[in-house]
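**Q** Input structure: upload-v9.txt, which contains compact mmCIF, C-alpha atoms.
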```
# COMPACT_ATOMS: atom_id res chain seq x y z
CA MET X 1 -6.36 6.55 5.59
CA THR X 2 -3.94 7.37 2.78
CA THR X 3 -1.90 10.54 2.93
CA ASP X 4 -1.59 12.71 -0.16
CA PRO X 5 2.14 12.94 -0.99
CA THR X 6 1.44 15.99 -3.16
CA ALA X 7 0.37 17.96 -0.10
CA PRO X 8 2.65 20.86 0.84
CA ASP X 9 4.40 18.86 3.56
CA ALA X 10 4.91 15.80 1.33
CA ALA X 11 8.54 16.56 0.50
CA ALA X 12 9.26 17.00 4.21
CA ARG X 13 8.09 13.48 5.09
CA PRO X 14 11.04 11.13 5.36
CA VAL X 15 11.25 8.21 2.97
CA THR X 16 12.37 4.89 4.41
CA ILE X 17 13.74 2.13 2.20
CA ARG X 18 13.37 -1.39 3.57
CA LEU X 19 12.70 -4.94 2.47
CA ALA X 20 9.07 -5.52 1.56
CA ALA X 21 6.99 -7.43 4.09
CA PRO X 22 5.06 -10.51 2.92
CA ASP X 23 1.71 -8.83 3.58
CA GLU X 24 2.76 -6.07 1.14
CA TYR X 25 3.70 -8.28 -1.81
CA ALA X 26 0.37 -7.93 -3.62
CA ALA X 27 0.40 -4.14 -3.23
CA VAL X 28 4.04 -3.95 -4.31
CA GLY X 29 3.26 -6.01 -7.41
CA GLU X 30 0.34 -3.74 -8.31
CA LEU X 31 2.43 -0.61 -7.70
CA THR X 32 5.13 -1.92 -10.04
CA ALA X 33 2.71 -2.92 -12.79
CA GLU X 34 0.77 0.34 -12.51
CA ALA X 35 3.96 2.42 -12.68
CA TYR X 36 4.99 0.69 -15.89
CA ALA X 37 1.47 0.70 -17.37
CA ASN X 38 0.89 4.39 -16.59
CA ASP X 39 3.98 5.24 -18.62
CA GLY X 40 2.98 2.90 -21.46
CA PHE X 41 5.88 0.56 -20.69
CA ILE X 42 4.00 -2.74 -20.91
CA PRO X 43 3.98 -3.76 -24.59
CA ALA X 44 0.61 -4.75 -26.04
CA GLY X 45 0.12 -8.50 -25.96
CA SER X 46 2.92 -8.92 -23.45
CA ASP X 47 2.72 -10.89 -20.22
CA TYR X 48 5.24 -8.50 -18.61
CA GLY X 49 2.49 -7.07 -16.39
CA ASP X 50 2.18 -10.52 -14.78
CA THR X 51 5.94 -10.59 -14.22
CA LEU X 52 5.80 -7.15 -12.60
CA ARG X 53 2.95 -8.27 -10.32
CA ALA X 54 4.93 -11.34 -9.14
CA ALA X 55 6.39 -9.53 -6.15
CA ALA X 56 6.32 -12.59 -3.89
CA ASP X 57 8.45 -14.48 -6.38
CA ARG X 58 10.90 -11.57 -6.60
CA ALA X 59 11.12 -11.44 -2.81
CA GLU X 60 11.95 -15.15 -2.75
CA ARG X 61 14.50 -15.12 -5.60
CA ALA X 62 16.00 -11.64 -5.19
CA GLU X 63 15.71 -8.71 -2.77
CA LEU X 64 12.45 -6.79 -2.96
CA TRP X 65 12.91 -3.27 -1.57
CA VAL X 66 10.22 -0.65 -1.00
CA ALA X 67 10.23 3.06 -0.35
CA THR X 68 7.61 4.19 2.14
CA ASP X 69 6.76 7.35 4.01
CA GLY X 70 5.51 5.32 6.97
CA THR X 71 1.97 5.32 5.63
CA ASP X 72 2.08 4.65 1.90
CA LEU X 73 4.17 2.53 -0.43
CA LEU X 74 5.83 5.03 -2.75
CA GLY X 75 8.09 2.86 -4.87
CA THR X 76 9.91 -0.41 -5.24
CA VAL X 77 12.97 -1.98 -6.80
CA THR X 78 14.23 -5.54 -7.20
CA TYR X 79 17.90 -5.95 -6.35
CA CYS X 80 19.54 -8.99 -7.97
CA GLY X 81 22.68 -10.11 -6.24
CA ALA X 82 24.93 -12.97 -7.27
CA GLY X 83 22.95 -16.11 -8.05
CA SER X 84 19.57 -14.37 -8.22
CA PHE X 85 17.09 -15.90 -10.64
CA TYR X 86 16.22 -12.35 -11.73
CA ARG X 87 19.72 -11.36 -12.86
CA GLU X 88 19.77 -10.71 -16.58
CA ILE X 89 23.08 -9.03 -17.35
CA GLY X 90 25.06 -8.88 -14.10
CA GLN X 91 28.50 -10.47 -14.20
CA ASP X 92 30.30 -11.87 -11.16
CA HIS X 93 31.73 -8.48 -10.14
CA GLU X 94 28.45 -6.59 -10.65
CA GLY X 95 25.31 -5.94 -8.68
CA GLU X 96 22.14 -5.50 -10.74
CA PHE X 97 18.72 -4.03 -10.21
CA ARG X 98 15.46 -4.24 -12.12
CA MET X 99 11.81 -3.32 -12.06
CA LEU X 100 12.15 0.06 -10.37
CA GLY X 101 8.69 1.59 -10.11
CA VAL X 102 7.36 4.72 -8.42
CA SER X 103 3.69 5.29 -7.71
CA ALA X 104 2.01 8.08 -9.66
CA LYS X 105 1.37 10.02 -6.43
CA ALA X 106 5.08 9.98 -5.51
CA ARG X 107 6.53 11.09 -8.85
CA GLY X 108 8.88 14.03 -8.60
CA LEU X 109 9.64 13.47 -4.91
CA GLY X 110 13.01 11.78 -5.46
CA VAL X 111 11.79 8.26 -4.75
CA GLY X 112 13.34 6.78 -7.92
CA THR X 113 16.64 8.44 -7.08
CA ALA X 114 16.50 7.18 -3.48
CA LEU X 115 15.83 3.60 -4.62
CA THR X 116 18.69 3.77 -7.12
CA GLU X 117 21.02 5.16 -4.45
CA HIS X 118 19.97 2.29 -2.19
CA CYS X 119 21.00 -0.19 -4.89
CA ILE X 120 24.37 1.57 -5.13
CA THR X 121 24.85 1.24 -1.37
CA ARG X 122 23.72 -2.39 -1.44
CA SER X 123 26.23 -3.21 -4.19
CA ARG X 124 29.04 -1.67 -2.15
CA GLU X 125 27.93 -3.63 0.93
CA LEU X 126 28.13 -6.85 -1.08
CA GLY X 127 31.59 -6.00 -2.42
CA PHE X 128 30.68 -5.49 -6.07
CA SER X 129 32.89 -3.23 -8.17
CA HIS X 130 30.04 -2.16 -10.49
CA LEU X 131 26.26 -1.84 -10.56
CA VAL X 132 24.39 -2.49 -13.81
CA LEU X 133 20.86 -2.27 -15.09
CA SER X 134 18.89 -2.62 -18.29
CA SER X 135 16.40 0.06 -19.28
CA ALA X 136 14.16 0.19 -22.33
CA ASP X 137 15.26 2.69 -24.93
CA TYR X 138 12.06 4.72 -24.39
CA MET X 139 12.46 5.11 -20.60
CA VAL X 140 14.14 8.48 -21.01
CA PRO X 141 13.18 10.00 -17.61
CA ALA X 142 14.80 7.03 -15.85
CA HIS X 143 17.91 7.40 -18.02
CA ARG X 144 18.29 10.97 -16.76
CA ILE X 145 18.25 9.76 -13.14
CA TYR X 146 20.87 7.10 -13.85
CA GLN X 147 23.14 9.49 -15.73
CA ARG X 148 22.81 12.13 -13.00
CA LEU X 149 24.01 9.51 -10.50
CA GLY X 150 27.06 8.68 -12.63
CA PHE X 151 25.88 5.66 -14.60
CA VAL X 152 27.18 5.46 -18.16
CA ARG X 153 25.70 3.70 -21.17
CA VAL X 154 27.46 0.56 -22.31
CA PRO X 155 26.16 0.15 -25.88
CA ALA X 156 28.25 -2.98 -26.44
CA ARG X 157 26.05 -4.72 -23.85
CA ASP X 158 22.66 -3.46 -25.09
CA TRP X 159 20.30 -6.32 -25.81
CA SER X 160 16.79 -7.33 -26.77
CA PRO X 161 14.78 -9.96 -24.89
CA ARG X 162 12.35 -10.14 -27.81
CA PRO X 163 11.73 -8.33 -31.09
CA GLY X 164 10.72 -4.70 -30.62
CA VAL X 165 12.08 -4.42 -27.06
CA ASN X 166 15.48 -2.75 -27.04
CA LEU X 167 17.26 -2.51 -23.73
CA TYR X 168 20.09 -0.12 -22.99
CA VAL X 169 22.68 -1.19 -20.43
CA PHE X 170 23.93 1.32 -17.87
CA SER X 171 26.86 0.72 -15.52
CA LEU X 172 28.25 2.52 -12.51
CA GLU X 173 31.79 1.93 -11.29
CA LEU X 174 31.77 1.74 -7.52
```
Rewrite the structure from the file as structure tokens, please.
**A**
Amino acid sequence: MTTDPTAPDAAARPVTIRLAAPDEYAAVGELTAEAYANDGFIPAGSDYGDTLRAAADRAERAELWVATDGTDLLGTVTYCGAGSFYREIGQDHEGEFRMLGVSAKARGLGVGTALTEHCITRSRELGFSHLVLSSADYMVPAHRIYQRLGFVRVPARDWSPRPGVNLYVFSLEL
């Protein structure tokens, strides 16, 4: 049975962040793709949805973290440490995270913030001096979370993986 996180006691349920288990990979991939699709963040004609669903690959080549309330998967993030296949912009002194997604039923409960804070903690554990991420120019709600946590835009590092997709770079000094 699935619990409704919008129920009055939903905010009181503790959120645990842990590595995804292999039997969760398919669900984590769907959660990620649905989170992006629901917000219109998968460009038409793009195969990015397939990349977002490839949770098993992310778990093998990076760190695949999930937020759960003990019953439901609420969100996920891919943490890309040194040498990770999924690193796009991280330099030697920087941790990086990507593909943060929160299920529609968990929006507004602080799950995105908790996952981002986990990536900050993970970067400190690994001895990085900074944490970086790329975020599409239209992902304004996510930008607010990052800025609230102290991330700053680094326009000199903004980039585009393909025409029409403009990515802003954010960095946090640890």
**Q** Considering all atoms listed in the file, return as a PyMOL selection string whatever protein or nucleic-acid residues lie within 12 Å of X:Ile145, sequence-local ones (same chain, fewer than 6 positions apart) excluded.
**A** chain X and resi 100+108+110-117+135+139+151-152+170
**Q** Would you export the selected residues with C-alpha atoms as a CSV table (one decimal), in the coordinates of the input, please?
**A**
```
chain,number,residue,atom,x,y,z
X,100,LEU,CA,12.2,0.1,-10.4
X,108,GLY,CA,8.9,14.0,-8.6
X,110,GLY,CA,13.0,11.8,-5.5
X,111,VAL,CA,11.8,8.3,-4.8
X,112,GLY,CA,13.3,6.8,-7.9
X,113,THR,CA,16.6,8.4,-7.1
X,114,ALA,CA,16.5,7.2,-3.5
X,115,LEU,CA,15.8,3.6,-4.6
X,116,THR,CA,18.7,3.8,-7.1
X,117,GLU,CA,21.0,5.2,-4.4
X,135,SER,CA,16.4,0.1,-19.3
X,139,MET,CA,12.5,5.1,-20.6
X,151,PHE,CA,25.9,5.7,-14.6
X,152,VAL,CA,27.2,5.5,-18.2
X,170,PHE,CA,23.9,1.3,-17.9
```
**Q** When distances are computed from only C-alpha atoms, which of X:Thr76, X:Ser171, X:Ser46, X:Ser84 shows the smallest separation from X:Arg18?
**A**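 Checking each candidate against X:Arg18, we get X:Thr76 as the closest.
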**Q** Can you work out which one of X:Ala67, X:Asp47, X:Glu24, X:Asp39 has the shortest atom-to-atom distance to X:Pro141, counting all atoms listed in the file?
**A** X:Asp39
**Q** Let me make sure I understand: among X:Met99, X:Leu172, X:Ala106, X:Val165, which one has the smallest atom-to-atom distance to X:His130 if we use all atoms listed in the file?
**A**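 Checking each candidate against X:His130, we get X:Leu172 as the closest.
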**Q** So that I can see what lies close to stretch 124-129 of chain X, please list as an NGL selection string the residues with an atom at most 9 Å from it, counting only C-alpha atoms and leaving out residues fewer than 2 positions away in the same chain.
**A** :X and (81 or 92-95 or 119-122 or 131 or 172-174)
**Q** Quick check, in Å to one decimal: how far apart do atom CA of X:Gly75 and atom CA of X:Arg157 lie?
**A** 27.2 Å
**Q** Show which residues sit within 12 Å of stretch 52-57 of chain X, as a PyMOL selection string. Count all atoms listed in the file, and ignore same-chain residues fewer than 2 positions away.
**A** chain X and resi 19-37+41-42+46-50+59-66+76-78+84-86+98-101
**Q** What is the atom CA of X:Tyr168 to atom CA of X:Arg153 distance in Å?
**A** 7.0 Å
**Q** I need the residue nearest X:Glu96 from this list: X:Thr51, X:Val169, X:Arg162, X:Tyr138. Use only C-alpha atoms for the distance.
**A** X:Val169
**Q** Rounded to one decimal place, report the atom CA of X:Asn38-atom CA of X:Ala104 distance in Å.
**A**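 Between atom CA of X:Asn38 and atom CA of X:Ala104 the gap works out to 7.9 Å.
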**Q** Return the single residue from X:Leu109, X:Ser160, X:Leu149, X:Phe97 that is closest to X:Tyr79, with distances computed using all atoms listed in the file.
**A** X:Phe97
**Q** Which is closer to X:Leu73 than all the others in X:Ala142, X:Ile17, X:Leu133, X:Ile89, using only C-alpha atoms?
**A**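 Nearest to X:Leu73: X:Ile17.
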